[in-house]
>>> print(open('upload.cif').read())   # mmCIF, C-alpha atoms and all ligand atoms
data_protein
#
loop_
_atom_site.label_atom_id
_atom_site.label_comp_id
_atom_site.auth_asym_id
_atom_site.auth_seq_id
_atom_site.Cartn_x
_atom_site.Cartn_y
_atom_site.Cartn_z
CA MET U 1 -27.58 -19.46 -25.64
CA LEU U 2 -24.05 -18.25 -26.24
CA GLY U 3 -22.92 -20.46 -23.38
CA SER U 4 -23.44 -23.63 -25.38
CA ILE U 5 -21.11 -22.63 -28.23
CA PRO U 6 -17.66 -24.19 -27.84
CA VAL U 7 -14.99 -21.53 -28.23
CA THR U 8 -11.39 -21.83 -29.16
CA SER U 9 -9.47 -18.59 -29.08
CA ALA U 10 -5.96 -17.94 -27.93
CA VAL U 11 -5.60 -15.72 -24.87
CA ALA U 12 -2.76 -13.29 -25.44
CA PRO U 13 -0.05 -13.65 -22.78
CA VAL U 14 0.63 -10.46 -20.83
CA LEU U 15 4.30 -9.87 -21.48
CA ASP U 16 4.45 -6.15 -21.84
CA GLU U 17 3.14 -3.79 -19.15
CA ALA U 18 3.16 -0.95 -21.68
CA ASN U 19 0.96 -2.58 -24.33
CA PRO U 20 -2.42 -0.86 -23.92
CA TRP U 21 -4.30 -3.54 -25.85
CA LEU U 22 -3.11 -6.33 -23.56
CA ASN U 23 -3.94 -4.10 -20.60
CA ALA U 24 -7.43 -3.38 -21.92
CA GLN U 25 -8.06 -7.10 -22.41
CA ARG U 26 -6.81 -7.80 -18.89
CA GLN U 27 -9.19 -5.23 -17.43
CA PHE U 28 -12.04 -6.79 -19.39
CA ASP U 29 -11.06 -10.31 -18.26
CA ASN U 30 -11.19 -9.22 -14.59
CA ALA U 31 -14.77 -8.03 -15.04
CA ALA U 32 -15.80 -11.03 -17.16
CA GLU U 33 -14.58 -13.32 -14.40
CA ILE U 34 -16.70 -11.70 -11.67
CA LEU U 35 -19.71 -11.41 -14.00
CA LYS U 36 -19.24 -15.10 -14.87
CA LEU U 37 -19.70 -14.31 -18.55
CA THR U 38 -20.09 -17.35 -20.73
CA PRO U 39 -17.07 -18.31 -22.87
CA GLY U 40 -19.03 -17.23 -25.96
CA LEU U 41 -19.70 -13.74 -24.66
CA ARG U 42 -16.13 -13.38 -23.50
CA ALA U 43 -14.81 -14.37 -26.90
CA VAL U 44 -17.05 -11.83 -28.63
CA LEU U 45 -16.30 -8.92 -26.30
CA ARG U 46 -12.55 -9.30 -25.84
CA GLN U 47 -11.80 -8.73 -29.53
CA VAL U 48 -12.37 -5.71 -31.76
CA ARG U 49 -15.02 -6.13 -34.42
CA ARG U 50 -13.30 -4.28 -37.28
CA GLU U 51 -9.87 -2.76 -37.78
CA LEU U 52 -9.06 -0.73 -40.85
CA VAL U 53 -5.43 0.18 -41.63
CA VAL U 54 -4.95 2.77 -44.36
CA ARG U 55 -1.78 4.04 -46.03
CA PHE U 56 -2.11 7.19 -48.05
CA PRO U 57 -0.06 9.92 -49.71
CA VAL U 58 -0.24 13.62 -48.85
CA LYS U 59 1.13 16.41 -51.06
CA LEU U 60 3.58 18.58 -49.15
CA ASP U 61 3.92 22.34 -49.62
CA ASP U 62 7.39 21.90 -51.18
CA GLY U 63 5.92 19.77 -53.98
CA GLY U 64 7.03 16.50 -52.41
CA LEU U 65 4.90 13.59 -51.26
CA ARG U 66 4.80 11.79 -47.93
CA MET U 67 3.13 8.49 -47.05
CA PHE U 68 1.14 8.19 -43.81
CA GLU U 69 -0.41 5.31 -41.94
CA GLY U 70 -3.76 5.61 -40.16
CA TYR U 71 -6.31 3.44 -38.36
CA ARG U 72 -9.99 3.25 -37.57
CA VAL U 73 -11.01 0.49 -35.21
CA GLN U 74 -14.55 -0.41 -34.16
CA HIS U 75 -14.58 -2.52 -31.04
CA ASN U 76 -18.33 -2.98 -30.64
CA LEU U 77 -21.58 -1.74 -32.21
CA THR U 78 -24.12 -3.73 -30.23
CA ARG U 79 -25.74 -0.80 -28.39
CA GLY U 80 -25.55 1.71 -31.25
CA PRO U 81 -23.18 3.35 -33.73
CA ALA U 82 -19.48 3.19 -32.92
CA LYS U 83 -18.20 6.35 -31.24
CA GLY U 84 -14.76 7.64 -30.46
CA GLY U 85 -12.07 10.14 -31.25
CA LEU U 86 -9.21 10.43 -33.70
CA ARG U 87 -5.67 11.09 -32.52
CA PHE U 88 -2.75 12.44 -34.49
CA HIS U 89 0.40 11.28 -32.74
CA PRO U 90 3.82 10.03 -33.90
CA GLU U 91 3.70 7.06 -31.52
CA THR U 92 0.18 5.85 -32.09
CA ASN U 93 -0.18 2.30 -33.37
CA ILE U 94 -2.84 -0.33 -33.99
CA ASP U 95 -2.63 -1.84 -30.49
CA GLU U 96 -3.08 1.55 -28.85
CA VAL U 97 -6.07 2.33 -31.07
CA LYS U 98 -7.63 -1.09 -30.38
CA ALA U 99 -7.37 -0.46 -26.64
CA LEU U 100 -8.82 3.02 -26.98
CA ALA U 101 -11.72 1.61 -29.03
CA MET U 102 -12.50 -1.00 -26.39
CA TRP U 103 -12.36 1.62 -23.63
CA MET U 104 -14.87 3.72 -25.63
CA THR U 105 -17.34 0.80 -25.63
CA TRP U 106 -17.21 0.53 -21.84
CA LYS U 107 -17.27 4.32 -21.40
CA CYS U 108 -20.44 4.73 -23.48
CA ALA U 109 -22.08 1.78 -21.74
CA LEU U 110 -21.18 3.07 -18.26
CA VAL U 111 -22.80 6.47 -18.84
CA ASN U 112 -25.56 4.61 -20.68
CA ILE U 113 -25.54 6.44 -24.00
CA PRO U 114 -26.57 4.38 -27.06
CA PHE U 115 -23.16 4.00 -28.69
CA GLY U 116 -20.56 1.32 -29.21
CA GLY U 117 -16.84 2.05 -29.14
CA ALA U 118 -14.35 3.08 -31.81
CA LYS U 119 -11.11 5.01 -32.13
CA GLY U 120 -8.84 6.17 -34.91
CA GLY U 121 -5.43 7.61 -35.37
CA VAL U 122 -2.80 8.77 -37.80
CA VAL U 123 0.90 8.26 -37.15
CA VAL U 124 2.03 11.86 -37.43
CA ASP U 125 3.39 14.71 -35.36
CA PRO U 126 1.09 17.50 -36.53
CA ALA U 127 3.65 20.09 -35.38
CA THR U 128 5.84 19.00 -38.32
CA LEU U 129 3.13 19.91 -40.87
CA SER U 130 1.98 23.28 -42.15
CA HIS U 131 -1.67 24.19 -41.63
CA ARG U 132 -2.41 23.39 -45.29
CA GLU U 133 -0.60 20.05 -45.10
CA LEU U 134 -2.59 19.21 -41.97
CA GLU U 135 -5.82 19.97 -43.81
CA ARG U 136 -4.83 17.80 -46.81
CA LEU U 137 -3.81 14.95 -44.48
CA THR U 138 -7.09 15.20 -42.56
CA ARG U 139 -9.25 15.28 -45.67
CA ARG U 140 -7.45 12.35 -47.30
CA PHE U 141 -7.62 10.32 -44.09
CA ALA U 142 -11.35 11.13 -43.73
CA SER U 143 -11.88 9.93 -47.28
CA GLU U 144 -9.89 6.73 -46.62
CA ILE U 145 -11.98 5.82 -43.56
CA SER U 146 -15.28 6.97 -45.07
CA VAL U 147 -16.15 3.33 -45.79
CA LEU U 148 -16.75 3.03 -42.05
CA VAL U 149 -17.93 6.44 -40.84
CA GLY U 150 -21.45 7.83 -40.93
CA PRO U 151 -24.03 9.19 -38.49
CA ASP U 152 -25.61 5.73 -38.11
CA SER U 153 -22.43 3.68 -38.20
CA ASP U 154 -19.36 5.38 -36.74
CA ILE U 155 -18.96 8.94 -35.50
CA PRO U 156 -15.44 10.35 -34.94
CA ALA U 157 -14.56 13.20 -32.55
CA PRO U 158 -11.46 15.03 -31.29
CA ASP U 159 -8.79 13.28 -29.25
CA VAL U 160 -5.05 13.92 -28.73
CA ASN U 161 -3.83 16.68 -31.12
CA THR U 162 -7.11 16.96 -33.05
CA SER U 163 -9.34 20.02 -32.87
CA ALA U 164 -12.76 21.42 -33.79
CA GLU U 165 -11.22 22.73 -37.02
CA ILE U 166 -10.06 19.22 -37.94
CA MET U 167 -13.60 17.96 -37.26
CA ALA U 168 -14.94 20.67 -39.61
CA TRP U 169 -12.64 19.41 -42.40
CA ILE U 170 -13.86 15.85 -41.80
CA MET U 171 -17.52 16.92 -41.84
CA ASP U 172 -16.92 18.88 -45.04
CA THR U 173 -15.03 16.04 -46.77
CA ILE U 174 -17.69 13.42 -46.02
CA SER U 175 -20.47 15.88 -46.91
CA MET U 176 -18.84 16.78 -50.24
CA GLU U 177 -18.50 13.10 -51.13
CA HIS U 178 -22.26 12.68 -50.55
CA GLY U 179 -23.34 15.96 -52.11
CA TYR U 180 -25.15 17.28 -49.02
CA SER U 181 -24.27 18.35 -45.46
CA ILE U 182 -24.06 15.60 -42.85
CA PRO U 183 -23.34 17.39 -39.55
CA ALA U 184 -24.02 14.29 -37.40
CA VAL U 185 -21.11 12.39 -39.00
CA VAL U 186 -18.65 13.87 -36.51
CA THR U 187 -18.85 15.58 -33.10
CA GLY U 188 -16.69 18.23 -31.47
CA LYS U 189 -17.35 20.47 -34.50
CA PRO U 190 -17.39 24.27 -34.45
CA LEU U 191 -20.76 25.80 -33.42
CA GLU U 192 -21.21 27.30 -36.89
CA ILE U 193 -21.76 23.89 -38.49
CA GLY U 194 -23.76 22.06 -35.84
CA GLY U 195 -21.35 21.79 -32.93
CA SER U 196 -22.76 21.82 -29.41
CA GLU U 197 -22.54 24.42 -26.68
CA GLY U 198 -20.38 23.08 -23.89
CA ARG U 199 -18.56 20.44 -25.98
CA PRO U 200 -15.05 22.02 -25.84
CA SER U 201 -15.09 22.09 -22.03
CA ALA U 202 -17.13 18.89 -21.52
CA THR U 203 -14.30 16.49 -20.67
CA GLY U 204 -12.76 18.87 -18.12
CA ARG U 205 -16.21 19.61 -16.70
CA GLY U 206 -16.78 15.87 -16.32
CA VAL U 207 -13.43 15.47 -14.53
CA THR U 208 -14.51 18.19 -12.10
CA ILE U 209 -17.98 16.69 -11.53
CA VAL U 210 -16.55 13.26 -10.66
CA ALA U 211 -13.75 14.79 -8.56
CA LEU U 212 -16.42 16.50 -6.43
CA GLU U 213 -18.39 13.24 -6.11
CA ALA U 214 -15.22 11.37 -5.16
CA CYS U 215 -14.45 13.97 -2.48
CA LYS U 216 -17.91 13.41 -0.98
CA ARG U 217 -17.28 9.65 -0.93
CA LEU U 218 -13.92 10.11 0.80
CA HIS U 219 -15.19 12.89 3.11
CA LEU U 220 -12.65 15.33 1.69
CA ASP U 221 -13.30 19.06 1.55
CA PRO U 222 -12.28 20.29 -1.95
CA ALA U 223 -11.18 23.60 -0.42
CA GLU U 224 -8.58 21.67 1.55
CA CYS U 225 -7.37 19.55 -1.35
CA THR U 226 -4.23 20.30 -3.32
CA VAL U 227 -4.14 19.03 -6.92
CA ALA U 228 -1.55 18.20 -9.59
CA VAL U 229 -2.70 17.93 -13.21
CA GLN U 230 -0.51 16.16 -15.76
CA GLY U 231 -1.19 17.41 -19.30
CA PHE U 232 -2.35 20.87 -20.34
CA GLY U 233 -4.25 20.04 -23.54
CA ASN U 234 -8.00 20.28 -23.86
CA VAL U 235 -8.63 17.91 -20.94
CA GLY U 236 -5.92 19.02 -18.50
CA SER U 237 -6.26 22.77 -18.93
CA VAL U 238 -10.06 22.83 -18.63
CA SER U 239 -9.95 20.39 -15.68
CA ALA U 240 -7.44 22.60 -13.86
CA GLU U 241 -9.50 25.70 -14.49
CA LEU U 242 -12.87 24.22 -13.51
CA MET U 243 -11.46 22.37 -10.48
CA HIS U 244 -9.92 25.68 -9.39
CA ASP U 245 -13.33 27.34 -9.78
CA ALA U 246 -14.88 24.51 -7.73
CA GLY U 247 -12.55 25.33 -4.83
CA PHE U 248 -9.62 22.93 -5.27
CA ARG U 249 -6.09 24.33 -4.93
CA ILE U 250 -4.22 23.55 -8.17
CA CYS U 251 -0.52 23.35 -7.24
CA ALA U 252 1.02 21.83 -10.35
CA VAL U 253 0.32 21.50 -14.05
CA SER U 254 2.46 20.26 -16.92
CA ASP U 255 2.61 19.96 -20.68
CA VAL U 256 4.81 17.82 -22.94
CA PHE U 257 7.85 19.93 -22.03
CA GLY U 258 7.48 19.57 -18.23
CA GLY U 259 5.61 21.15 -15.36
CA ILE U 260 5.41 23.99 -12.87
CA TYR U 261 4.79 23.64 -9.14
CA SER U 262 3.83 25.99 -6.35
CA PRO U 263 2.80 24.53 -2.97
CA VAL U 264 0.64 27.59 -2.29
CA GLY U 265 -1.36 27.09 -5.51
CA LEU U 266 -1.52 28.56 -9.01
CA ASP U 267 -3.73 31.43 -10.12
CA MET U 268 -5.30 29.69 -13.11
CA ARG U 269 -6.51 32.85 -14.86
CA ALA U 270 -3.05 34.46 -14.60
CA LEU U 271 -1.50 31.20 -15.85
CA GLN U 272 -3.76 31.20 -18.92
CA ASP U 273 -2.72 34.82 -19.61
CA HIS U 274 0.96 33.83 -19.22
CA ARG U 275 0.48 30.97 -21.64
CA LYS U 276 -1.22 33.24 -24.17
CA ALA U 277 1.57 35.80 -23.90
CA THR U 278 4.58 33.41 -23.93
CA GLY U 279 3.19 30.35 -25.71
CA SER U 280 3.91 28.02 -22.78
CA ILE U 281 3.36 27.46 -19.05
CA LYS U 282 7.14 27.56 -18.46
CA ASP U 283 8.61 30.19 -16.12
CA PHE U 284 5.26 31.19 -14.64
CA PRO U 285 6.21 33.53 -11.77
CA GLY U 286 6.24 32.01 -8.29
CA THR U 287 6.68 28.41 -9.48
CA HIS U 288 9.54 26.02 -9.93
CA TYR U 289 10.12 23.42 -12.65
CA VAL U 290 9.15 19.78 -12.18
CA SER U 291 9.46 17.01 -14.76
CA ASN U 292 6.36 15.11 -15.83
CA SER U 293 7.38 12.10 -13.76
CA GLU U 294 8.19 14.26 -10.70
CA LEU U 295 4.74 15.84 -10.98
CA LEU U 296 3.07 12.47 -10.40
CA GLN U 297 4.93 12.07 -7.11
CA LEU U 298 4.31 15.53 -5.65
CA PRO U 299 2.88 15.78 -2.11
CA VAL U 300 -0.67 16.64 -3.24
CA ASP U 301 -4.06 15.19 -2.30
CA VAL U 302 -5.48 14.72 -5.79
CA LEU U 303 -3.72 13.68 -8.96
CA VAL U 304 -5.25 14.14 -12.41
CA PRO U 305 -3.27 12.35 -15.13
CA ALA U 306 -4.69 14.00 -18.27
CA ALA U 307 -2.05 13.23 -20.90
CA LEU U 308 -1.33 9.80 -22.38
CA GLU U 309 -1.34 6.12 -21.41
CA ASN U 310 1.09 4.31 -19.11
CA GLN U 311 2.06 7.18 -16.83
CA ILE U 312 1.39 5.36 -13.55
CA THR U 313 3.24 2.04 -13.72
CA VAL U 314 4.89 -0.46 -11.37
CA ARG U 315 7.88 1.87 -11.31
CA ASN U 316 6.15 4.86 -9.69
CA ALA U 317 2.87 3.55 -8.21
CA GLY U 318 4.62 2.98 -4.88
CA HIS U 319 5.75 6.62 -4.73
CA ILE U 320 2.49 8.42 -5.37
CA HIS U 321 1.38 10.61 -2.47
CA ALA U 322 -2.12 11.54 -3.65
CA LYS U 323 -5.03 9.78 -1.93
CA LEU U 324 -7.29 10.33 -4.94
CA ILE U 325 -6.53 9.86 -8.65
CA ILE U 326 -8.95 11.07 -11.34
CA GLU U 327 -8.03 9.63 -14.75
CA GLY U 328 -8.58 12.48 -17.23
CA ALA U 329 -6.56 10.58 -19.86
CA ASN U 330 -7.42 7.20 -21.31
CA GLY U 331 -5.37 4.37 -19.84
CA PRO U 332 -2.88 6.38 -17.74
CA THR U 333 -2.58 3.57 -15.16
CA THR U 334 -1.41 0.04 -15.97
CA PRO U 335 -3.19 -2.95 -14.36
CA ASP U 336 -0.07 -3.82 -12.33
CA ALA U 337 0.06 -0.25 -11.02
CA ASP U 338 -3.67 -0.44 -10.23
CA ALA U 339 -3.00 -3.36 -7.92
CA ILE U 340 -0.28 -1.42 -6.08
CA LEU U 341 -2.51 1.67 -5.68
CA GLU U 342 -5.33 -0.50 -4.37
CA ARG U 343 -3.05 -2.13 -1.80
CA ARG U 344 -1.92 1.33 -0.72
CA GLY U 345 -5.52 2.46 -0.20
CA ILE U 346 -5.43 5.09 -2.95
CA THR U 347 -8.82 5.73 -4.54
CA LEU U 348 -8.80 5.89 -8.34
CA VAL U 349 -11.73 7.09 -10.45
CA PRO U 350 -11.20 5.26 -13.74
CA ASP U 351 -10.89 6.84 -17.18
CA ILE U 352 -14.11 5.31 -18.49
CA LEU U 353 -16.01 7.50 -16.04
CA ALA U 354 -13.58 10.34 -15.27
CA ASN U 355 -13.21 11.46 -18.89
CA ALA U 356 -16.68 10.42 -20.11
CA GLY U 357 -17.92 14.02 -20.10
CA GLY U 358 -16.54 14.49 -23.62
CA VAL U 359 -18.38 11.64 -25.26
CA THR U 360 -21.53 12.40 -23.26
CA VAL U 361 -21.72 15.89 -24.74
CA SER U 362 -20.74 14.37 -28.11
CA TYR U 363 -23.91 12.32 -27.73
CA PHE U 364 -25.89 15.52 -27.06
CA GLU U 365 -24.28 17.06 -30.16
CA TRP U 366 -25.23 14.08 -32.33
CA VAL U 367 -28.81 14.15 -31.02
CA GLN U 368 -29.07 17.91 -31.69
CA ASP U 369 -27.67 17.47 -35.22
CA LEU U 370 -30.13 14.67 -36.01
CA GLN U 371 -33.04 16.80 -34.74
CA SER U 372 -31.68 20.10 -36.11
CA PHE U 373 -32.74 21.53 -32.77
CA PHE U 374 -30.14 23.03 -30.48
CA TRP U 375 -30.00 23.35 -26.70
CA GLU U 376 -28.60 26.05 -24.42
CA GLU U 377 -25.36 25.52 -22.54
CA GLY U 378 -27.08 25.48 -19.13
CA GLU U 379 -29.25 22.58 -20.25
CA ILE U 380 -26.21 20.70 -21.63
CA ASN U 381 -24.25 21.13 -18.40
CA ARG U 382 -27.19 20.11 -16.19
CA ARG U 383 -27.82 16.95 -18.21
CA LEU U 384 -24.09 16.13 -18.20
CA GLU U 385 -23.92 16.47 -14.43
CA ARG U 386 -26.96 14.24 -13.91
CA ILE U 387 -25.56 11.49 -16.17
CA LEU U 388 -22.11 11.48 -14.58
CA GLN U 389 -23.42 11.58 -11.01
CA ARG U 390 -25.73 8.66 -11.71
CA ALA U 391 -22.92 6.64 -13.32
CA PHE U 392 -20.61 7.51 -10.41
CA HIS U 393 -23.07 6.08 -7.91
CA GLN U 394 -23.77 2.97 -9.98
CA MET U 395 -20.01 2.37 -10.16
CA CYS U 396 -19.61 2.82 -6.38
CA ASP U 397 -22.57 0.56 -5.59
CA GLU U 398 -21.13 -2.22 -7.75
CA ALA U 399 -17.63 -1.77 -6.32
CA ASP U 400 -18.94 -1.84 -2.75
CA LEU U 401 -21.17 -4.84 -3.42
CA HIS U 402 -18.24 -6.94 -4.64
CA GLY U 403 -15.57 -5.33 -2.46
CA VAL U 404 -13.50 -4.31 -5.49
CA SER U 405 -11.85 -1.16 -6.86
CA LEU U 406 -13.84 1.60 -8.54
CA ARG U 407 -12.29 0.57 -11.88
CA LEU U 408 -13.64 -2.92 -11.51
CA GLY U 409 -16.97 -1.53 -10.27
CA ALA U 410 -17.21 0.63 -13.39
CA TYR U 411 -16.31 -2.34 -15.62
CA LEU U 412 -18.94 -4.52 -13.95
CA VAL U 413 -21.67 -1.97 -14.79
CA ALA U 414 -20.40 -1.32 -18.33
CA VAL U 415 -19.47 -4.84 -19.44
CA LYS U 416 -22.75 -6.20 -18.11
CA ARG U 417 -24.73 -3.69 -20.18
CA VAL U 418 -22.91 -4.68 -23.38
CA ALA U 419 -23.02 -8.40 -22.55
CA ASP U 420 -26.77 -8.24 -21.84
CA ALA U 421 -27.40 -6.38 -25.11
CA THR U 422 -25.34 -8.97 -27.00
CA ALA U 423 -27.17 -11.87 -25.41
CA VAL U 424 -30.59 -10.32 -26.13
CA ARG U 425 -29.68 -9.71 -29.79
CA GLY U 426 -28.22 -13.20 -30.23
CA ILE U 427 -25.68 -14.30 -32.81
CA TYR U 428 -26.36 -13.68 -36.51
CA PRO U 429 -27.36 -15.68 -38.50
N1 LIG U 501 -11.76 11.33 -27.51
C1 LIG U 501 -12.69 11.47 -26.44
C2 LIG U 501 -12.66 10.24 -25.55
O1 LIG U 501 -11.67 9.57 -25.47
C3 LIG U 501 -14.09 11.82 -26.91
C4 LIG U 501 -14.71 10.83 -27.85
C5 LIG U 501 -16.04 11.29 -28.46
O2 LIG U 501 -16.52 12.37 -28.09
O3 LIG U 501 -16.55 10.57 -29.29
O4 LIG U 501 -13.58 9.95 -24.84
#
>>> encode(input="upload.cif", output="structure tokens", more="lines below")
Ligand code: GLU
Amino acid sequence: MLGSIPVTSAVAPVLDEANPWLNAQRQFDNAAEILKLTPGLRAVLRQVRRELVVRFPVKLDDGGLRMFEGYRVQHNLTRGPAKGGLRFHPETNIDEVKALAMWMTWKCALVNIPFGGAKGGVVVDPATLSHRELERLTRRFASEISVLVGPDSDIPAPDVNTSAEIMAWIMDTISMEHGYSIPAVVTGKPLEIGGSEGRPSATGRGVTIVALEACKRLHLDPAECTVAVQGFGNVGSVSAELMHDAGFRICAVSDVFGGIYSPVGLDMRALQDHRKATGSIKDFPGTHYVSNSELLQLPVDVLVPAALENQITVRNAGHIHAKLIIEGANGPTTPDADAILERRGITLVPDILANAGGVTVSYFEWVQDLQSFFWEEGEINRRLERILQRAFHQMCDEADLHGVSLRLGAYLVAVKRVADATAVRGIYP
């Protein structure tokens, strides 16, 4: 039906390798081409449905006032409420948030949970704010975007530089505005107010589950694999720890200030103790310093980029030694770099599967909140593993069928699910 509607919409030229939105659209276009989506479906799916830009004042502790800019973007709501995190970062912008929202749609569709995709952000370096200023900023931003959010419409969660505590402030703000508690309005909350067991470690657990599946596919023994992890936030640190527990040898990790490397491997428990004691991973005994870009090119078997976008680009894709890349971050590899990695025979498990553990357990949290009935951690982890393993195999089957990369295989599964749902629903009115 959609095929008969004539469509005129400009296709954005790809001029800038670093623009995540253009990259996200390119990735979608590649899948749409193979799926032979009608022009109507393509036009619907390659744009975001809603984008809200808010500008708001926050009272500072010194009595002054500062203006902030924030975003909430909903890419698609066809399969259910929009779902996706909020990031607080000085360099976030509307194009980044649009890309992240689109990636959430495909991520939720790939693991087959009944959500569409959204993302939000505030342009701020939270390290420059006091704890009280951060709370005021969060509450005001939550209020500004409350026209969109709700347990049936759009459910935020943590992302870069946002925590369970920040989710608690959002839950409280929205609840106060309604006059009653609405736990299901946000996920990644503390346990005390309806958070889920297993949610804080879910993304890193998912990275580990898919890394083990990828090793099976490549006939690699995890015990003989060395690993470098870029990023030591919630995703990177948990991934490093759980991959270590699963038998991998973690040789390098990094944070925003740089990384540490030891060819013989890092003792992850001792590293966590060192970080607790000194406040950073720097100067961990038995390691030497590497920059974040050097880390990506270390002679390791597995690379886990778990920081920000655009880390693997045309500039360094030719110098990566790893034979397996697991994208813990969203969008760490540009499409041009993807092509180089593919030519070089490097296997890449794409972000929309590799980091989908977080949103999958967010889904469990939302379901538990709606039912007011809570599950044990063992049950959460077992269900998570089943969902990710199934999605991994669906992705591989599709990639093998068409002779394409795992990213494209994952997109074929995900985009088809959203396209089919759109076609079945039809166009209103
Ligand atoms: N921010 C995470 C992601 O990029 C989690 C989103 C969620 O749980 O809704 O997948």
>>> atom_distance(input="upload.cif", atom1="CA of Trp375 in chain U", atom2="CA of Val149 in chain U")
25.1 Å
>>> residues_around(input="upload.cif", residues="range 93-110 of chain U", least_positions_apart="6", cutoff="7 Å", atoms="only C-alpha atoms", output="JSON, numbers by chain")
{"U": [20, 21, 24, 48, 71, 73, 74, 75, 76, 84, 116, 117, 118, 119, 120, 121, 352, 353, 356, 391, 410, 411, 413, 414, 415, 417, 418]}
>>> residues_near_ligand(input="upload.cif", ligand="ligand LIG 501 (chain U)", cutoff="8 Å", atoms="all atoms listed in the file", output="PDB file with C-alpha atoms, keeping the file's coordinate frame")
ATOM      1  CA  LYS U  83     -18.200   6.350 -31.240  1.00  0.00           C
ATOM      2  CA  GLY U  84     -14.760   7.640 -30.460  1.00  0.00           C
ATOM      3  CA  GLY U  85     -12.070  10.140 -31.250  1.00  0.00           C
ATOM      4  CA  LEU U  86      -9.210  10.430 -33.700  1.00  0.00           C
ATOM      5  CA  ARG U  87      -5.670  11.090 -32.520  1.00  0.00           C
ATOM      6  CA  LEU U 100      -8.820   3.020 -26.980  1.00  0.00           C
ATOM      7  CA  MET U 104     -14.870   3.720 -25.630  1.00  0.00           C
ATOM      8  CA  LYS U 107     -17.270   4.320 -21.400  1.00  0.00           C
ATOM      9  CA  LYS U 119     -11.110   5.010 -32.130  1.00  0.00           C
ATOM     10  CA  ILE U 155     -18.960   8.940 -35.500  1.00  0.00           C
ATOM     11  CA  PRO U 156     -15.440  10.350 -34.940  1.00  0.00           C
ATOM     12  CA  ALA U 157     -14.560  13.200 -32.550  1.00  0.00           C
ATOM     13  CA  PRO U 158     -11.460  15.030 -31.290  1.00  0.00           C
ATOM     14  CA  ASP U 159      -8.790  13.280 -29.250  1.00  0.00           C
ATOM     15  CA  VAL U 160      -5.050  13.920 -28.730  1.00  0.00           C
ATOM     16  CA  THR U 187     -18.850  15.580 -33.100  1.00  0.00           C
ATOM     17  CA  GLY U 188     -16.690  18.230 -31.470  1.00  0.00           C
ATOM     18  CA  THR U 203     -14.300  16.490 -20.670  1.00  0.00           C
ATOM     19  CA  ALA U 329      -6.560  10.580 -19.860  1.00  0.00           C
ATOM     20  CA  ASN U 330      -7.420   7.200 -21.310  1.00  0.00           C
ATOM     21  CA  ILE U 352     -14.110   5.310 -18.490  1.00  0.00           C
ATOM     22  CA  ASN U 355     -13.210  11.460 -18.890  1.00  0.00           C
ATOM     23  CA  ALA U 356     -16.680  10.420 -20.110  1.00  0.00           C
ATOM     24  CA  GLY U 357     -17.920  14.020 -20.100  1.00  0.00           C
ATOM     25  CA  GLY U 358     -16.540  14.490 -23.620  1.00  0.00           C
ATOM     26  CA  VAL U 359     -18.380  11.640 -25.260  1.00  0.00           C
ATOM     27  CA  THR U 360     -21.530  12.400 -23.260  1.00  0.00           C
ATOM     28  CA  VAL U 361     -21.720  15.890 -24.740  1.00  0.00           C
ATOM     29  CA  SER U 362     -20.740  14.370 -28.110  1.00  0.00           C
ATOM     30  CA  TYR U 363     -23.910  12.320 -27.730  1.00  0.00           C
TER      31      TYR U 363
END
>>> atom_distance(input="upload.cif", atom1="CA of Arg343 in chain U", atom2="CA of Asn316 in chain U")
14.0 Å
>>> residues_near_point(input="upload.cif", point="(-0.2, 2.9, -18.7)", cutoff="9 Å", atoms="all atoms listed in the file", output="MDAnalysis selection string")
chainID U and resid 17:20 23 308:313 330:335 337
>>> axis_aligned_box(input="upload.cif", around="range 312-326 of chain U", padding_each_side="6 Å", output="AutoDock Vina command-line options")
--center_x -0.5 --center_y 5.5 --center_z -7.8 --size_x 28.8 --size_y 24.0 --size_z 23.8
